[in-house]
$ cat coords_21.cif   # mmCIF, C-alpha atoms
data_entry
loop_
_atom_site.label_atom_id
_atom_site.label_comp_id
_atom_site.auth_asym_id
_atom_site.auth_seq_id
_atom_site.Cartn_x
_atom_site.Cartn_y
_atom_site.Cartn_z
CA MET A 1 14.33 1.81 -7.29
CA LYS A 2 12.05 0.16 -4.74
CA ASN A 3 9.80 -2.80 -5.48
CA VAL A 4 6.38 -3.02 -3.90
CA PHE A 5 7.50 -5.37 -1.11
CA SER A 6 10.04 -2.78 0.09
CA ILE A 7 7.05 -1.07 1.74
CA PHE A 8 7.31 -3.69 4.47
CA ARG A 9 10.75 -2.49 5.52
CA ASN A 10 8.74 -0.06 7.59
CA LYS A 11 7.35 -1.87 10.64
CA LEU A 12 4.30 0.41 10.73
CA TYR A 13 3.21 -0.88 7.32
CA ILE A 14 3.71 -4.47 8.49
CA LEU A 15 1.51 -3.76 11.51
CA LEU A 16 -1.09 -2.03 9.33
CA PHE A 17 -1.14 -4.98 6.91
CA ILE A 18 -1.63 -7.47 9.76
CA LEU A 19 -4.37 -5.43 11.45
CA VAL A 20 -6.36 -4.78 8.24
CA SER A 21 -6.07 -8.39 7.08
CA LEU A 22 -7.07 -9.71 10.50
CA PHE A 23 -10.00 -7.30 10.69
CA PHE A 24 -11.46 -8.46 7.37
CA LEU A 25 -10.82 -12.12 8.08
CA LEU A 26 -12.80 -11.75 11.30
CA LEU A 27 -15.44 -9.72 9.44
CA PHE A 28 -15.93 -12.52 6.89
CA ILE A 29 -16.27 -15.03 9.73
CA PHE A 30 -18.63 -12.95 11.87
CA ILE A 31 -20.96 -11.69 9.11
CA PRO A 32 -22.99 -14.95 9.13
CA VAL A 33 -22.73 -15.16 12.93
CA PHE A 34 -24.43 -11.78 13.40
CA THR A 35 -26.83 -11.89 10.45
CA VAL A 36 -28.22 -15.42 10.76
CA ILE A 37 -30.76 -15.83 13.57
CA GLY A 38 -29.79 -18.55 16.05
CA ASN A 39 -26.24 -18.84 14.70
CA ASP A 40 -23.16 -18.68 16.93
CA LEU A 41 -19.41 -18.61 16.42
CA SER A 42 -18.69 -22.26 17.20
CA THR A 43 -21.45 -23.44 14.86
CA GLN A 44 -20.25 -21.18 12.09
CA LEU A 45 -16.61 -22.23 12.45
CA SER A 46 -17.63 -25.87 12.12
CA THR A 47 -19.73 -25.03 9.06
CA PHE A 48 -16.92 -23.48 7.04
CA THR A 49 -14.99 -25.81 4.77
CA ILE A 50 -11.21 -25.70 4.19
CA ASP A 51 -11.80 -24.11 0.79
CA GLU A 52 -13.91 -21.38 2.37
CA TYR A 53 -11.25 -20.69 5.00
CA LEU A 54 -8.59 -20.43 2.29
CA LEU A 55 -10.81 -18.13 0.23
CA MET A 56 -11.46 -15.83 3.20
CA LEU A 57 -7.75 -15.78 4.06
CA PHE A 58 -6.76 -14.95 0.48
CA LEU A 59 -9.32 -12.15 0.20
CA ALA A 60 -8.44 -10.71 3.62
CA LEU A 61 -4.70 -10.69 2.81
CA SER A 62 -5.41 -9.15 -0.60
CA ILE A 63 -7.46 -6.36 0.96
CA GLY A 64 -4.72 -5.76 3.53
CA PHE A 65 -2.01 -5.63 0.86
CA ASN A 66 -4.03 -3.31 -1.37
CA PHE A 67 -4.82 -1.05 1.60
CA VAL A 68 -1.14 -0.74 2.54
CA ILE A 69 -0.14 0.06 -1.06
CA GLN A 70 -2.82 2.75 -1.33
CA ILE A 71 -1.79 4.35 1.98
CA TYR A 72 1.86 4.37 0.86
CA ILE A 73 0.93 6.00 -2.46
CA ILE A 74 -1.15 8.68 -0.74
CA LYS A 75 1.64 9.49 1.72
CA ASN A 76 4.38 9.64 -0.92
CA LYS A 77 2.55 11.37 -3.76
CA LYS A 78 4.41 14.62 -4.46
CA SER A 79 2.25 16.21 -7.15
CA CYS A 80 -0.68 18.56 -6.65
CA SER A 81 -3.08 15.74 -7.58
CA THR A 82 -2.97 14.25 -4.08
CA GLY A 83 -6.74 14.79 -3.67
CA ALA A 84 -7.50 12.81 -6.82
CA THR A 85 -5.04 10.13 -5.74
CA THR A 86 -6.77 9.82 -2.37
CA ALA A 87 -10.18 9.53 -4.04
CA ASN A 88 -8.97 6.87 -6.48
CA SER A 89 -7.27 4.91 -3.70
CA THR A 90 -10.39 5.05 -1.53
CA LEU A 91 -12.59 3.92 -4.42
CA SER A 92 -10.20 1.06 -5.19
CA SER A 93 -10.20 -0.07 -1.55
CA VAL A 94 -13.99 0.11 -1.20
CA ALA A 95 -14.49 -1.80 -4.48
CA GLY A 96 -12.07 -4.47 -3.30
CA VAL A 97 -13.87 -4.86 0.03
CA PHE A 98 -17.30 -5.10 -1.61
CA GLY A 99 -16.04 -7.62 -4.16
CA ALA A 100 -14.48 -9.69 -1.40
CA ILE A 101 -17.70 -9.72 0.63
CA VAL A 102 -19.64 -10.90 -2.41
CA GLY A 103 -17.00 -13.58 -2.94
CA THR A 104 -17.49 -14.88 0.58
CA ALA A 105 -21.26 -15.16 0.18
CA PHE A 106 -21.85 -18.51 1.86
CA CYS A 107 -25.50 -17.87 2.74
CA PRO A 108 -28.21 -15.56 1.36
CA SER A 109 -29.18 -14.17 4.78
CA CYS A 110 -25.59 -13.00 5.30
CA LEU A 111 -25.77 -10.71 2.29
CA LEU A 112 -29.31 -9.38 2.74
CA PRO A 113 -28.47 -6.61 5.27
CA LEU A 114 -25.28 -5.69 3.41
CA PHE A 115 -27.01 -5.41 0.04
CA ALA A 116 -29.88 -3.48 1.62
CA ILE A 117 -27.37 -0.74 2.48
CA VAL A 118 -26.58 -0.19 -1.22
CA GLY A 119 -30.20 -0.55 -2.29
CA LEU A 120 -30.12 -4.08 -3.73
CA GLY A 121 -33.04 -6.39 -3.04
CA SER A 122 -33.23 -10.04 -2.06
CA GLY A 123 -33.42 -11.10 -5.71
CA SER A 124 -29.85 -10.01 -6.26
CA VAL A 125 -28.72 -11.92 -3.18
CA PHE A 126 -30.36 -15.20 -4.20
CA PHE A 127 -29.02 -14.81 -7.76
CA ILE A 128 -25.49 -14.54 -6.35
CA PHE A 129 -26.05 -17.53 -4.09
CA GLU A 130 -27.33 -19.69 -6.95
CA HIS A 131 -24.24 -18.88 -9.00
CA GLN A 132 -21.84 -18.73 -6.09
CA ILE A 133 -18.92 -20.53 -7.75
CA TYR A 134 -18.87 -17.99 -10.57
CA PHE A 135 -18.96 -15.09 -8.14
CA VAL A 136 -16.15 -16.64 -6.10
CA ILE A 137 -13.99 -16.95 -9.22
CA ALA A 138 -14.95 -13.43 -10.29
CA SER A 139 -14.14 -12.10 -6.82
CA ILE A 140 -10.67 -13.70 -6.89
CA ILE A 141 -9.99 -12.32 -10.38
CA PHE A 142 -11.32 -8.93 -9.30
CA MET A 143 -8.95 -8.80 -6.32
CA ILE A 144 -6.00 -9.84 -8.51
CA VAL A 145 -6.85 -7.07 -11.00
CA ILE A 146 -7.11 -4.50 -8.19
CA LEU A 147 -3.72 -5.58 -6.84
CA TYR A 148 -2.25 -5.46 -10.36
CA PHE A 149 -3.33 -1.85 -10.87
CA ALA A 150 -2.26 -0.92 -7.32
CA ILE A 151 1.23 -2.29 -8.00
CA ARG A 152 1.32 -0.48 -11.35
CA LYS A 153 0.39 2.74 -9.60
CA PHE A 154 3.11 2.11 -7.01
CA ASN A 155 5.73 1.51 -9.74
CA LYS A 156 4.69 4.70 -11.55
CA LEU A 157 5.02 6.63 -8.30
CA MET A 158 8.53 5.26 -7.80
CA ILE A 159 9.50 6.23 -11.36
CA ASP A 160 8.03 9.75 -11.01
CA ASN A 161 9.74 10.31 -7.67
CA HIS A 162 13.02 8.92 -8.98
CA MET A 163 12.94 11.21 -12.02
CA SER A 164 12.26 14.24 -9.82
CA ILE A 165 15.38 13.60 -7.71
CA LYS A 166 18.30 15.93 -8.41
CA ILE A 167 21.69 14.24 -8.41
CA GLN A 168 23.81 17.33 -9.10
CA SER A 169 24.92 19.61 -6.26
CA ILE A 170 27.26 22.57 -6.01
CA LEU A 171 29.52 21.92 -3.03
CA THR A 172 31.16 24.90 -1.29
CA CYS A 173 34.39 24.24 0.59
CA PRO A 174 34.06 25.62 4.16
CA LYS A 175 37.80 26.49 4.18
CA CYS A 176 38.49 28.25 0.85
CA ASN A 177 34.89 28.81 -0.40
CA PHE A 178 35.75 27.07 -3.66
CA GLN A 179 32.66 25.74 -5.41
CA GLU A 180 32.49 22.66 -7.56
CA LYS A 181 29.60 20.88 -9.24
CA LEU A 182 29.47 17.25 -8.23
CA THR A 183 27.31 14.21 -8.92
CA MET A 184 25.87 12.79 -5.72
CA PRO A 185 25.70 9.01 -5.15
CA THR A 186 22.11 7.71 -5.26
CA ASP A 187 22.61 4.55 -3.22
CA SER A 188 24.82 5.75 -0.37
CA CYS A 189 25.79 8.83 1.66
CA GLN A 190 29.15 10.49 1.06
CA PHE A 191 30.48 11.53 4.45
CA PHE A 192 33.83 12.94 3.22
CA HIS A 193 35.07 14.89 0.20
CA GLU A 194 38.46 16.34 -0.70
CA CYS A 195 38.34 19.88 -2.04
CA SER A 196 39.95 19.99 -5.49
CA ASN A 197 41.25 23.52 -4.80
CA CYS A 198 42.80 23.49 -1.30
CA HIS A 199 42.68 19.70 -0.78
CA GLU A 200 40.92 20.12 2.55
CA ARG A 201 39.18 16.92 3.66
CA ILE A 202 35.60 18.10 4.08
CA LYS A 203 33.52 16.25 6.66
CA ALA A 204 29.75 16.30 7.08
CA LYS A 205 28.44 18.35 10.01
CA ASP A 206 27.10 16.62 13.10
CA GLY A 207 23.54 15.50 12.43
CA ASP A 208 23.95 15.52 8.64
CA CYS A 209 24.19 12.28 6.68
CA CYS A 210 26.66 13.57 4.07
CA VAL A 211 28.77 16.52 2.90
CA PHE A 212 26.10 17.54 0.37
CA CYS A 213 23.53 18.06 3.12
CA SER A 214 26.10 20.17 5.01
CA TYR A 215 27.77 22.19 2.26
CA GLY A 216 25.86 21.57 -0.98
CA ASP A 217 23.11 23.69 -2.52
CA THR A 218 20.98 20.54 -2.94
CA LYS A 219 20.23 17.87 -0.36
CA CYS A 220 21.37 14.32 -1.14
CA PRO A 221 18.97 11.91 -2.93
CA SER A 222 18.12 10.01 0.25
CA LYS A 223 17.01 13.26 1.94
CA GLN A 224 15.07 14.32 -1.14
#

$ encode --input "coords_21.cif" --output "C-alpha cells"
Amino acid sequence: MKNVFSIFRNKLYILLFILVSLFFLLLFIFIPVFTVIGNDLSTQLSTFTIDEYLLMLFLALSIGFNFVIQIYIIKNKKSCSTGATTANSTLSSVAGVFGAIVGTAFCPSCLLPLFAIVGLGSGSVFFIFEHQIYFVIASIIFMIVILYFAIRKFNKLMIDNHMSIKIQSILTCPKCNFQEKLTMPTDSCQFFHECSNCHERIKAKDGDCCVFCSYGDTKCPSKQ
C-alpha cells in the first residue's frame, strides 16, 4: 500500500507542489510590499529576519504539501461522496492558507486589507500583532494538525481502495475454453500462464499488461 510520499512519483504532483509552494512564499513576501505605503521589495527583503524567512518557507511548503494531498484524494476518491470530499478538502486548504497568513503577520498594515475581506476590524489585527509569537506558534501547530489529518485521510483512502480491489479472476483458456479461478498477484503483472487443462502457455494480448486483462473476467489489481 502506498505511503503519502508516493504521490511524488508522479511528476505532475511534484510540479504542482513546487508551483503552489513558490506562489505562497512569494505571496508572504509581497503582502507587506503591496500593502505598506512607500515599501518596496528590496527594503522588505532586508527587513525580514532569518527566522521569518524560515517560517515563511515552512508555511509555504506545508500549504503546497497539503494542497497536493487534497488534490490526490479528490482525484482518487471512488465513492459517491466525492462532492463532500471536495468541499472538505477545499475548506482544509483555505483554513491552512488563512492560518499561514496570520502566522506571517509581521506588520499590522499587512493584515488590515486581508482581514477587512472577512469582516474583521483593525482591533483584531493589532491584537494579533501584539501577541505575534503566540500566533506564530499557533499557526505552526495549526499547519501540522492540518497535515496530520490530510495524511490520515490519504491513508484511509488507500485502505478503502485496497479493500475494494478484487484479486480473484476466472481465466478462460483461448485454446480449449477451460476456465479456472485464479488469484492475481497484487504487486506485479503476470504475462504468462499455463492452462491446467491443455497445458497451453497463455500469453497476454498486445497492449495488455497481463493474461488476466486479456482473458480474465476481472482486470488485474494494477488496472483496477

$ closest_residue --input "coords_21.cif" --among "A:Thr49, A:Ser169, A:Gln70, A:Thr218" --to "Lys153 in chain A" --atoms "all atoms listed in the file"
A:Gln70

$ atom_distance --input "coords_21.cif" --atom1 "CA of Tyr53 in chain A" --atom2 "CA of Asn66 in chain A"
19.9 Å

$ resolve_selection --input "coords_21.cif" --expression "the PyMOL selection byres ((chain A and resi 7) around 12)" --output "MDAnalysis selection string"
chainID A and resid 1:6 8:17 65:73 75:76 151 154:155 158

$ residues_around --input "coords_21.cif" --residues "range 204-207 of chain A" --least-positions-apart "4" --cutoff "9 Å" --atoms "all atoms listed in the file" --output "PDB file with C-alpha atoms, keeping the file's coordinate frame"
ATOM      1  CA  GLN A 190      29.150  10.490   1.060  1.00  0.00           C
ATOM      2  CA  PHE A 191      30.480  11.530   4.450  1.00  0.00           C
ATOM      3  CA  PHE A 192      33.830  12.940   3.220  1.00  0.00           C
ATOM      4  CA  HIS A 193      35.070  14.890   0.200  1.00  0.00           C
ATOM      5  CA  VAL A 211      28.770  16.520   2.900  1.00  0.00           C
ATOM      6  CA  PHE A 212      26.100  17.540   0.370  1.00  0.00           C
ATOM      7  CA  CYS A 213      23.530  18.060   3.120  1.00  0.00           C
ATOM      8  CA  SER A 214      26.100  20.170   5.010  1.00  0.00           C
ATOM      9  CA  TYR A 215      27.770  22.190   2.260  1.00  0.00           C
TER      10      TYR A 215
END

$ closest_residue --input "coords_21.cif" --among "A:Lys175, A:Met184, A:Ile50, A:Asp217" --to "Cys198 in chain A" --atoms "all atoms listed in the file"
A:Lys175

$ residues_around --input "coords_21.cif" --residues "His199 in chain A" --least-positions-apart "3" --cutoff "10 Å" --atoms "all atoms listed in the file" --output "list in words"
Cys173, Lys175, Cys176, His193, Glu194, Cys195, Ser196 and Ile202 of chain A

$ axis_aligned_box --input "coords_21.cif" --around "range 183-200 of chain A" --padding-each-side "3 Å" --output "JSON"
{"center_x": 32.5, "center_y": 14.0, "center_z": -2.2, "size_x": 26.7, "size_y": 25.0, "size_z": 19.4}

$ closest_residue --input "coords_21.cif" --among "A:Ile140, A:Leu26, A:Leu182, A:Val33" --to "Cys220 in chain A" --atoms "only C-alpha atoms"
A:Leu182

$ decode --input "coords_21.cif" --residues "range 28-64 of chain A" --atoms "C-alpha atoms" --output "PDB file, in the first residue's frame"
ATOM      1  CA  PHE A  28       4.006  36.090   2.021  1.00  0.00           C
ATOM      2  CA  ILE A  29       6.904  38.233   0.816  1.00  0.00           C
ATOM      3  CA  PHE A  30       4.837  40.572  -1.355  1.00  0.00           C
ATOM      4  CA  ILE A  31       1.908  41.138   1.025  1.00  0.00           C
ATOM      5  CA  PRO A  32       3.814  43.820   3.002  1.00  0.00           C
ATOM      6  CA  VAL A  33       5.330  45.191  -0.223  1.00  0.00           C
ATOM      7  CA  PHE A  34       1.906  45.927  -1.718  1.00  0.00           C
ATOM      8  CA  THR A  35       0.040  46.848   1.464  1.00  0.00           C
ATOM      9  CA  VAL A  36       2.544  49.169   3.143  1.00  0.00           C
ATOM     10  CA  ILE A  37       2.735  52.629   1.571  1.00  0.00           C
ATOM     11  CA  GLY A  38       6.249  53.545   0.428  1.00  0.00           C
ATOM     12  CA  ASN A  39       7.550  49.993   0.814  1.00  0.00           C
ATOM     13  CA  ASP A  40       9.429  48.169  -1.950  1.00  0.00           C
ATOM     14  CA  LEU A  41      10.779  44.667  -2.496  1.00  0.00           C
ATOM     15  CA  SER A  42      14.431  45.377  -1.700  1.00  0.00           C
ATOM     16  CA  THR A  43      13.516  47.155   1.534  1.00  0.00           C
ATOM     17  CA  GLN A  44      11.208  44.364   2.584  1.00  0.00           C
ATOM     18  CA  LEU A  45      13.751  41.628   1.828  1.00  0.00           C
ATOM     19  CA  SER A  46      16.299  43.390   4.004  1.00  0.00           C
ATOM     20  CA  THR A  47      13.718  43.752   6.782  1.00  0.00           C
ATOM     21  CA  PHE A  48      12.930  40.057   7.093  1.00  0.00           C
ATOM     22  CA  THR A  49      14.989  38.097   9.599  1.00  0.00           C
ATOM     23  CA  ILE A  50      16.297  34.540   9.079  1.00  0.00           C
ATOM     24  CA  ASP A  51      13.603  33.238  11.421  1.00  0.00           C
ATOM     25  CA  GLU A  52      10.914  34.955   9.375  1.00  0.00           C
ATOM     26  CA  TYR A  53      12.294  33.520   6.140  1.00  0.00           C
ATOM     27  CA  LEU A  54      12.315  30.029   7.666  1.00  0.00           C
ATOM     28  CA  LEU A  55       8.768  30.484   8.946  1.00  0.00           C
ATOM     29  CA  MET A  56       7.501  31.620   5.540  1.00  0.00           C
ATOM     30  CA  LEU A  57       9.296  28.724   3.836  1.00  0.00           C
ATOM     31  CA  PHE A  58       7.853  26.180   6.269  1.00  0.00           C
ATOM     32  CA  LEU A  59       4.314  27.512   5.899  1.00  0.00           C
ATOM     33  CA  ALA A  60       4.568  27.734   2.101  1.00  0.00           C
ATOM     34  CA  LEU A  61       5.859  24.147   1.833  1.00  0.00           C
ATOM     35  CA  SER A  62       3.156  22.956   4.241  1.00  0.00           C
ATOM     36  CA  ILE A  63       0.431  24.597   2.169  1.00  0.00           C
ATOM     37  CA  GLY A  64       1.899  23.088  -1.005  1.00  0.00           C
TER      38      GLY A  64
END
